[in-house]
file input.txt (compact mmCIF, C-alpha atoms)
# COMPACT_ATOMS: atom_id res chain seq x y z
CA MET A 1 102.28 107.76 105.44
CA CYS A 2 102.51 104.03 105.73
CA GLY A 3 99.16 102.29 106.07
CA ARG A 4 100.11 98.74 105.15
CA TYR A 5 103.26 96.70 104.76
CA TYR A 6 104.06 93.08 104.00
CA ILE A 7 106.49 90.37 104.98
CA ASP A 8 107.41 87.05 103.42
CA ASP A 9 109.39 83.94 104.37
CA GLU A 10 112.69 85.57 103.34
CA THR A 11 111.97 88.57 105.60
CA ALA A 12 111.33 86.17 108.50
CA LYS A 13 114.64 84.38 107.87
CA GLU A 14 116.51 87.68 107.79
CA MET A 15 114.88 88.76 111.04
CA GLU A 16 115.98 85.49 112.64
CA LYS A 17 119.57 86.22 111.56
CA LEU A 18 119.39 89.72 113.04
CA VAL A 19 118.10 88.47 116.38
CA ARG A 20 119.69 85.06 116.95
CA GLU A 21 117.80 84.15 120.14
CA ILE A 22 114.40 84.86 118.64
CA ASP A 23 111.84 82.08 118.40
CA TYR A 24 111.32 81.21 114.74
CA LYS A 25 107.54 81.06 115.27
CA LEU A 26 107.63 84.76 116.15
CA ASN A 27 108.78 85.54 112.62
CA MET A 28 106.23 83.38 110.88
CA ARG A 29 103.16 84.44 112.85
CA ASN A 30 102.14 87.01 110.27
CA SER A 31 103.39 86.58 106.75
CA GLY A 32 101.59 88.51 104.06
CA ASP A 33 100.01 91.94 104.48
CA ILE A 34 100.16 93.63 107.89
CA ARG A 35 97.42 96.17 108.60
CA PRO A 36 96.89 98.62 111.47
CA SER A 37 95.56 96.99 114.67
CA GLN A 38 97.18 93.65 113.78
CA THR A 39 99.91 92.00 115.83
CA ALA A 40 103.30 91.93 114.12
CA ALA A 41 106.92 91.09 114.87
CA VAL A 42 109.28 93.95 115.73
CA ILE A 43 112.87 94.20 116.94
CA ARG A 44 113.49 96.13 120.15
CA ARG A 45 116.15 96.69 122.77
CA ASP A 46 116.43 94.24 125.65
CA GLY A 47 119.16 95.59 127.91
CA GLU A 48 122.21 95.83 125.67
CA HIS A 49 120.93 93.23 123.21
CA LEU A 50 118.31 92.98 120.46
CA ALA A 51 115.13 90.99 120.98
CA GLY A 52 112.08 90.14 118.95
CA SER A 53 108.60 90.94 120.23
CA LEU A 54 105.04 90.73 119.06
CA MET A 55 103.27 94.10 119.26
CA VAL A 56 100.05 95.66 118.01
CA TRP A 57 100.39 98.21 115.21
CA GLY A 58 98.90 101.49 116.40
CA PHE A 59 98.61 103.66 119.50
CA PRO A 60 95.00 104.14 120.64
CA ARG A 61 93.76 107.72 120.30
CA PHE A 62 93.07 109.50 123.56
CA GLU A 63 89.38 109.99 122.77
CA GLY A 64 89.11 106.21 122.27
CA LYS A 65 88.23 106.29 118.57
CA GLY A 66 90.72 105.09 116.02
CA MET A 67 94.47 104.61 116.12
CA LEU A 68 97.64 106.56 115.48
CA ILE A 69 99.69 104.33 113.16
CA ASN A 70 102.44 106.77 112.08
CA ALA A 71 104.44 109.59 113.63
CA ARG A 72 106.37 112.29 111.75
CA SER A 73 110.09 111.83 112.37
CA GLU A 74 110.74 115.57 111.97
CA SER A 75 108.53 116.50 114.95
CA VAL A 76 108.26 113.29 116.98
CA LEU A 77 110.48 114.60 119.80
CA GLU A 78 108.20 117.63 120.18
CA ARG A 79 104.99 115.60 120.47
CA LYS A 80 103.95 114.56 123.97
CA THR A 81 102.33 111.39 122.60
CA PHE A 82 105.60 110.09 121.13
CA ARG A 83 108.54 111.87 122.80
CA LYS A 84 109.19 109.41 125.67
CA SER A 85 108.67 106.44 123.36
CA VAL A 86 111.31 107.69 120.90
CA GLU A 87 113.67 108.56 123.74
CA HIS A 88 113.33 105.21 125.55
CA ARG A 89 111.31 102.68 123.54
CA ARG A 90 112.51 102.57 119.95
CA CYS A 91 111.85 99.57 117.70
CA VAL A 92 112.48 98.41 114.16
CA ILE A 93 109.75 96.96 112.00
CA PRO A 94 111.14 94.50 109.44
CA ALA A 95 109.25 94.14 106.17
CA LYS A 96 109.67 92.94 102.62
CA GLY A 97 108.09 96.21 101.51
CA PHE A 98 105.23 98.65 102.00
CA TYR A 99 102.33 100.02 99.96
CA GLU A 100 101.23 103.52 99.06
CA TRP A 101 98.22 104.64 97.05
CA ASN A 102 98.11 107.60 94.68
CA SER A 103 95.24 110.06 94.30
CA ARG A 104 93.52 107.66 91.83
CA LYS A 105 93.58 104.89 94.48
CA GLU A 106 96.17 102.89 92.52
CA LYS A 107 98.38 100.76 94.76
CA PHE A 108 102.17 100.82 94.50
CA SER A 109 104.58 98.58 96.38
CA TYR A 110 108.09 99.62 97.45
CA GLU A 111 111.02 97.33 98.21
CA ARG A 112 114.80 97.52 98.49
CA GLU A 113 116.67 96.28 95.46
CA ASP A 114 119.80 95.48 97.48
CA SER A 115 118.21 93.49 100.33
CA SER A 116 115.34 91.10 101.03
CA VAL A 117 114.40 93.06 104.16
CA LEU A 118 113.43 96.68 104.63
CA LEU A 119 113.93 98.07 108.16
CA MET A 120 111.43 100.74 109.22
CA ALA A 121 112.12 102.89 112.30
CA GLY A 122 109.44 102.93 114.95
CA CYS A 123 108.69 103.41 118.62
CA TYR A 124 106.38 101.67 121.06
CA ASN A 125 104.48 102.13 124.30
CA ARG A 126 102.21 100.08 126.55
CA PHE A 127 98.44 100.58 126.45
CA ASN A 128 95.88 98.37 128.22
CA ASP A 129 98.49 95.68 128.97
CA ARG A 130 99.61 95.50 125.32
CA ASP A 131 102.76 96.79 123.66
CA CYS A 132 101.82 98.91 120.65
CA PHE A 133 104.07 100.44 117.99
CA VAL A 134 103.93 103.19 115.38
CA ILE A 135 106.01 103.56 112.22
CA LEU A 136 107.98 106.78 111.87
CA THR A 137 107.55 108.56 108.56
CA THR A 138 109.55 111.20 106.76
CA GLU A 139 109.32 113.32 103.63
CA ALA A 140 109.17 111.04 100.61
CA ASN A 141 112.34 110.62 98.58
CA PRO A 142 112.27 110.72 94.73
CA SER A 143 111.30 107.05 94.45
CA VAL A 144 108.08 107.53 96.49
CA SER A 145 107.21 111.23 95.97
CA PRO A 146 105.41 110.73 92.62
CA VAL A 147 102.83 108.65 94.52
CA HIS A 148 102.80 110.05 98.08
CA SER A 149 104.40 112.90 100.04
CA ARG A 150 105.37 110.71 103.05
CA MET A 151 107.18 107.40 103.45
CA PRO A 152 108.51 105.21 106.29
CA LEU A 153 111.85 106.20 107.79
CA ILE A 154 114.04 103.43 106.35
CA LEU A 155 117.15 102.34 108.24
CA GLU A 156 120.27 100.85 106.70
CA ASN A 157 121.39 97.50 108.15
CA ASP A 158 124.33 99.20 109.89
CA GLU A 159 121.92 101.68 111.56
CA LEU A 160 119.79 98.98 113.23
CA GLU A 161 121.82 98.75 116.43
CA SER A 162 122.46 102.52 116.49
CA TRP A 163 118.72 103.22 116.35
CA LEU A 164 117.93 100.73 119.10
CA LEU A 165 120.96 101.07 121.40
CA ASP A 166 122.63 104.46 120.85
CA ASP A 167 120.65 107.45 122.16
CA LYS A 168 123.18 109.83 120.57
CA ALA A 169 122.38 108.55 117.06
CA VAL A 170 118.63 109.19 117.29
CA GLU A 171 118.59 112.86 116.27
CA PHE A 172 120.68 112.19 113.15
CA ILE A 173 118.61 109.17 112.10
CA LEU A 174 115.32 111.04 112.57
CA HIS A 175 116.40 113.58 109.93
CA LYS A 176 118.06 111.34 107.37
CA THR A 177 116.80 110.80 103.83
CA PRO A 178 115.96 107.14 103.17
CA THR A 179 117.55 105.19 100.34
CA LEU A 180 115.84 104.99 96.97
CA LEU A 181 113.46 102.05 96.59
CA HIS A 182 112.16 99.93 93.74
CA SER A 183 108.52 100.62 92.89
CA SER A 184 106.00 98.34 91.19
CA SER A 185 102.30 98.52 90.52
CA GLU A 186 99.52 96.19 89.50
CA TYR A 187 98.35 98.87 87.09
CA THR A 188 99.72 99.49 83.63
CA GLN A 189 99.14 102.49 81.41
CA MET A 190 97.48 101.57 78.13
CA GLU A 191 98.53 103.37 74.99
CA LEU A 192 95.98 104.08 72.29
CA PHE A 193 98.46 104.93 69.54
call {"tool": "encode", "arguments": {"input": "input.txt", "output": "structure tokens"}}
result
Amino acid sequence: MCGRYYIDDETAKEMEKLVREIDYKLNMRNSGDIRPSQTAAVIRRDGEHLAGSLMVWGFPRFEGKGMLINARSESVLERKTFRKSVEHRRCVIPAKGFYEWNSRKEKFSYEREDSSVLLMAGCYNRFNDRDCFVILTTEANPSVSPVHSRMPLILENDELESWLLDDKAVEFILHKTPTLLHSSSEYTQMELF
């Protein structure tokens, strides 16, 4: 699961490079932690090009209470709530990293070691005149599994356009194993001896 992620100035600059025609203010609107129900910058398809958009994180639940913030990549095409969005309205959520909490409520952050931006696969839909997105998750790889069983579906830079523009690449990407990530925590284990 991914319940919070964060961006910084470097992430915003990288997003600007990815989408040349984007307004720089779009990138800088939310730096710091991004939580469900907040508006955040995403990259989406605009015809045959990439475009930046501001969207709300989370699909409203049908009963009107709460939000769906993640969707399982393994079953997303089978779920009525997400199927059409993944088929026709895919997006990428750029971040510096994301957080997970273990069973003791200790927070861990995850980032790429080889890049200043982490690209999370997502999809979006329109609800009440607002575009809303969810982050796709997958089974945690060995860098995240000691803390949590799920993690965001991380794209490589060369998969960005395939995810957004190539419908034939979707099935493969939905079942890929994300790259290993660097983990850090605010907590340290004390030794008595």
call {"tool": "atom_distance", "arguments": {"input": "input.txt", "atom1": "CA of Pro152 (chain A)", "atom2": "CA of Ala121 (chain A)"}}
result
7.4 Å
call {"tool": "atom_distance", "arguments": {"input": "input.txt", "atom1": "CA of Thr81 (chain A)", "atom2": "CA of Ile93 (chain A)"}}
result
19.4 Å
call {"tool": "residues_near_point", "arguments": {"input": "input.txt", "point": "(98.9, 99.1, 101.2)", "cutoff": "9 Å", "atoms": "all atoms listed in the file", "output": "list in words"}}
result
Cys2, Gly3, Arg4, Tyr5, Tyr6, Asp33, Ile34, Arg35, Phe98, Tyr99, Glu100, Trp101, Lys107, Phe108 and Ser109 of chain A
call {"tool": "closest_residue", "arguments": {"input": "input.txt", "among": "A:Val92, A:Glu106, A:Glu87, A:Asn128", "to": "Glu186 (chain A)", "atoms": "all atoms listed in the file"}}
result
A:Glu106
call {"tool": "atom_distance", "arguments": {"input": "input.txt", "atom1": "CA of Asp114 (chain A)", "atom2": "CA of Leu155 (chain A)"}}
result
13.0 Å
call {"tool": "residues_around", "arguments": {"input": "input.txt", "residues": "Arg72 (chain A)", "least_positions_apart": "2", "cutoff": "8 Å", "atoms": "all atoms listed in the file", "output": "NGL selection string"}}
result
:A and (70 or 74-76 or 136-138)
